[in-house]
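*Asks:* Starting off with a structure, shown below.
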Amino acid sequence: MLVAFHRTPGPRFGLDLIEATGLSSGRVYLALARLTGAGWVAKRWQEPHEIPHDHPARVLYELAPLPPGSRVR
């Protein structure tokens with residue numbers, strides 16, 4: 001899942017991640033919930049200007065920024 005975020009940086013829809021990973025929707029959304037809860041992934045609803053005409057708002061996921069002072073090994 002995290003590799004899919006690194007391959008295409010920026011906000012992603014759940015469906016994009018399902019297609020990128022080949023995992024089932026249940027596995028992807030469970031992983032996203034866990035990663036969001038752990039602070040690795042941030043989620044937000046689309047802003048009105050991001051929504052195509054006649055489409056409902058969707059949730060966007062993206063890697064959360066590292067906290068100040070943290071290091072990646």
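We name chains A, B, ... following the order of the structure tokens; residues begin at 1 in each chain, and ligands are numbered from 1 as shown.
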Just asking: which residues within chain A are strand (DSSP E or B) according to DSSP, as a PyMOL selection string?

*Replies:* chain A and resi 12-13+41-45+59-63

*Asks:* Dump C-alpha atoms for the selected residues as an mmCIF file, in the first residue's frame?

*Replies:*
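Written file, selection00.cif:
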data_model
loop_
_atom_site.group_PDB
_atom_site.id
_atom_site.type_symbol
_atom_site.label_atom_id
_atom_site.label_comp_id
_atom_site.auth_asym_id
_atom_site.auth_seq_id
_atom_site.Cartn_x
_atom_site.Cartn_y
_atom_site.Cartn_z
ATOM 1 C CA ARG A 12 -5.321 9.188 -4.113
ATOM 2 C CA PHE A 13 -8.833 7.754 -4.092
ATOM 3 C CA VAL A 41 -1.871 8.432 6.056
ATOM 4 C CA ALA A 42 -4.056 11.538 6.094
ATOM 5 C CA LYS A 43 -7.561 11.590 4.645
ATOM 6 C CA ARG A 44 -9.848 14.400 3.613
ATOM 7 C CA TRP A 45 -13.023 14.951 1.641
ATOM 8 C CA VAL A 59 -12.372 10.785 0.253
ATOM 9 C CA LEU A 60 -8.769 11.438 -0.748
ATOM 10 C CA TYR A 61 -5.856 9.712 0.977
ATOM 11 C CA GLU A 62 -2.207 10.731 1.006
ATOM 12 C CA LEU A 63 0.911 10.081 3.010
#

*Asks:* Quick check for you: according to DSSP on this backbone, which residues of chain A are classed as helix (DSSP H, G or I)? Reply as a PDB file with N, CA and C atoms, in the first residue's frame.

*Replies:*
ATOM      1  N   LEU A   2       1.865   1.295   0.898  1.00  0.00           N
ATOM      2  CA  LEU A   2       2.727   2.474   0.957  1.00  0.00           C
ATOM      3  C   LEU A   2       3.533   2.651  -0.320  1.00  0.00           C
ATOM      4  N   VAL A   3       3.889   1.553  -0.957  1.00  0.00           N
ATOM      5  CA  VAL A   3       4.609   1.633  -2.230  1.00  0.00           C
ATOM      6  C   VAL A   3       3.736   2.317  -3.280  1.00  0.00           C
ATOM      7  N   ALA A   4       2.446   2.022  -3.287  1.00  0.00           N
ATOM      8  CA  ALA A   4       1.532   2.654  -4.247  1.00  0.00           C
ATOM      9  C   ALA A   4       1.503   4.166  -4.041  1.00  0.00           C
ATOM     10  N   PHE A   5       1.561   4.615  -2.789  1.00  0.00           N
ATOM     11  CA  PHE A   5       1.604   6.061  -2.521  1.00  0.00           C
ATOM     12  C   PHE A   5       2.900   6.669  -3.047  1.00  0.00           C
ATOM     13  N   HIS A   6       4.007   5.956  -2.902  1.00  0.00           N
ATOM     14  CA  HIS A   6       5.302   6.481  -3.350  1.00  0.00           C
ATOM     15  C   HIS A   6       5.416   6.498  -4.868  1.00  0.00           C
ATOM     16  N   ARG A   7       4.800   5.547  -5.527  1.00  0.00           N
ATOM     17  CA  ARG A   7       4.894   5.495  -6.994  1.00  0.00           C
ATOM     18  C   ARG A   7       4.175   6.663  -7.653  1.00  0.00           C
ATOM     19  N   GLY A  14      -9.518   5.764  -2.897  1.00  0.00           N
ATOM     20  CA  GLY A  14      -9.448   4.356  -2.532  1.00  0.00           C
ATOM     21  C   GLY A  14      -9.449   3.455  -3.757  1.00  0.00           C
ATOM     22  N   LEU A  15     -10.289   3.773  -4.743  1.00  0.00           N
ATOM     23  CA  LEU A  15     -10.348   2.960  -5.960  1.00  0.00           C
ATOM     24  C   LEU A  15      -9.007   2.955  -6.689  1.00  0.00           C
ATOM     25  N   ASP A  16      -8.316   4.087  -6.713  1.00  0.00           N
ATOM     26  CA  ASP A  16      -6.985   4.143  -7.326  1.00  0.00           C
ATOM     27  C   ASP A  16      -6.034   3.166  -6.637  1.00  0.00           C
ATOM     28  N   LEU A  17      -6.116   3.109  -5.309  1.00  0.00           N
ATOM     29  CA  LEU A  17      -5.230   2.224  -4.554  1.00  0.00           C
ATOM     30  C   LEU A  17      -5.608   0.760  -4.743  1.00  0.00           C
ATOM     31  N   ILE A  18      -6.891   0.476  -4.894  1.00  0.00           N
ATOM     32  CA  ILE A  18      -7.328  -0.888  -5.182  1.00  0.00           C
ATOM     33  C   ILE A  18      -6.738  -1.341  -6.514  1.00  0.00           C
ATOM     34  N   GLU A  19      -6.825  -0.490  -7.519  1.00  0.00           N
ATOM     35  CA  GLU A  19      -6.300  -0.830  -8.843  1.00  0.00           C
ATOM     36  C   GLU A  19      -4.777  -0.926  -8.828  1.00  0.00           C
ATOM     37  N   ALA A  20      -4.111  -0.041  -8.087  1.00  0.00           N
ATOM     38  CA  ALA A  20      -2.647  -0.025  -8.049  1.00  0.00           C
ATOM     39  C   ALA A  20      -2.074  -1.233  -7.317  1.00  0.00           C
ATOM     40  N   THR A  21      -2.775  -1.713  -6.306  1.00  0.00           N
ATOM     41  CA  THR A  21      -2.255  -2.814  -5.492  1.00  0.00           C
ATOM     42  C   THR A  21      -2.783  -4.181  -5.912  1.00  0.00           C
ATOM     43  N   SER A  25     -11.194  -4.522  -2.113  1.00  0.00           N
ATOM     44  CA  SER A  25     -11.598  -3.264  -1.478  1.00  0.00           C
ATOM     45  C   SER A  25     -11.595  -3.388   0.042  1.00  0.00           C
ATOM     46  N   GLY A  26     -12.003  -4.541   0.558  1.00  0.00           N
ATOM     47  CA  GLY A  26     -12.008  -4.740   2.002  1.00  0.00           C
ATOM     48  C   GLY A  26     -10.624  -4.626   2.606  1.00  0.00           C
ATOM     49  N   ARG A  27      -9.634  -5.206   1.939  1.00  0.00           N
ATOM     50  CA  ARG A  27      -8.256  -5.126   2.440  1.00  0.00           C
ATOM     51  C   ARG A  27      -7.714  -3.704   2.335  1.00  0.00           C
ATOM     52  N   VAL A  28      -7.982  -3.041   1.231  1.00  0.00           N
ATOM     53  CA  VAL A  28      -7.462  -1.680   1.043  1.00  0.00           C
ATOM     54  C   VAL A  28      -8.060  -0.727   2.066  1.00  0.00           C
ATOM     55  N   TYR A  29      -9.377  -0.754   2.241  1.00  0.00           N
ATOM     56  CA  TYR A  29      -9.992   0.191   3.167  1.00  0.00           C
ATOM     57  C   TYR A  29      -9.659  -0.128   4.623  1.00  0.00           C
ATOM     58  N   LEU A  30      -9.452  -1.401   4.954  1.00  0.00           N
ATOM     59  CA  LEU A  30      -9.004  -1.753   6.300  1.00  0.00           C
ATOM     60  C   LEU A  30      -7.584  -1.235   6.526  1.00  0.00           C
ATOM     61  N   ALA A  31      -6.719  -1.433   5.538  1.00  0.00           N
ATOM     62  CA  ALA A  31      -5.349  -0.929   5.647  1.00  0.00           C
ATOM     63  C   ALA A  31      -5.335   0.594   5.747  1.00  0.00           C
ATOM     64  N   LEU A  32      -6.168   1.264   4.951  1.00  0.00           N
ATOM     65  CA  LEU A  32      -6.227   2.730   5.015  1.00  0.00           C
ATOM     66  C   LEU A  32      -6.707   3.196   6.385  1.00  0.00           C
ATOM     67  N   ALA A  33      -7.673   2.506   6.953  1.00  0.00           N
ATOM     68  CA  ALA A  33      -8.159   2.870   8.291  1.00  0.00           C
ATOM     69  C   ALA A  33      -7.050   2.710   9.319  1.00  0.00           C
ATOM     70  N   ARG A  34      -6.303   1.631   9.233  1.00  0.00           N
ATOM     71  CA  ARG A  34      -5.203   1.401  10.177  1.00  0.00           C
ATOM     72  C   ARG A  34      -4.078   2.406   9.982  1.00  0.00           C
ATOM     73  N   LEU A  35      -3.713   2.667   8.732  1.00  0.00           N
ATOM     74  CA  LEU A  35      -2.647   3.631   8.459  1.00  0.00           C
ATOM     75  C   LEU A  35      -3.056   5.045   8.867  1.00  0.00           C
ATOM     76  N   THR A  36      -4.324   5.376   8.687  1.00  0.00           N
ATOM     77  CA  THR A  36      -4.833   6.684   9.114  1.00  0.00           C
ATOM     78  C   THR A  36      -4.796   6.778  10.632  1.00  0.00           C
ATOM     79  N   GLY A  37      -5.232   5.728  11.309  1.00  0.00           N
ATOM     80  CA  GLY A  37      -5.223   5.707  12.770  1.00  0.00           C
ATOM     81  C   GLY A  37      -3.826   5.809  13.349  1.00  0.00           C
ATOM     82  N   PRO A  48     -15.117  21.358  -2.881  1.00  0.00           N
ATOM     83  CA  PRO A  48     -16.121  21.549  -3.944  1.00  0.00           C
ATOM     84  C   PRO A  48     -15.524  21.791  -5.332  1.00  0.00           C
ATOM     85  N   HIS A  49     -14.405  22.524  -5.415  1.00  0.00           N
ATOM     86  CA  HIS A  49     -13.818  22.807  -6.735  1.00  0.00           C
ATOM     87  C   HIS A  49     -13.126  21.582  -7.343  1.00  0.00           C
ATOM     88  N   GLU A  50     -12.916  20.521  -6.556  1.00  0.00           N
ATOM     89  CA  GLU A  50     -12.276  19.304  -7.048  1.00  0.00           C
ATOM     90  C   GLU A  50     -13.275  18.269  -7.562  1.00  0.00           C
TER      91      GLU A  50
END

*Asks:* Atom CA of Leu66 of chain A and atom CA of Pro11 of chain A are how many Å apart?

*Replies:*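 Between atom CA of Leu66 of chain A and atom CA of Pro11 of chain A the gap is 15.9 Å.
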
*Asks:* So how many Å separate atom CA of Pro56 of chain A and atom CA of Met1 of chain A, to one decimal?

*Replies:*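 Atom CA of Met1 of chain A lies at a distance of 24.8 Å from atom CA of Pro56 of chain A.
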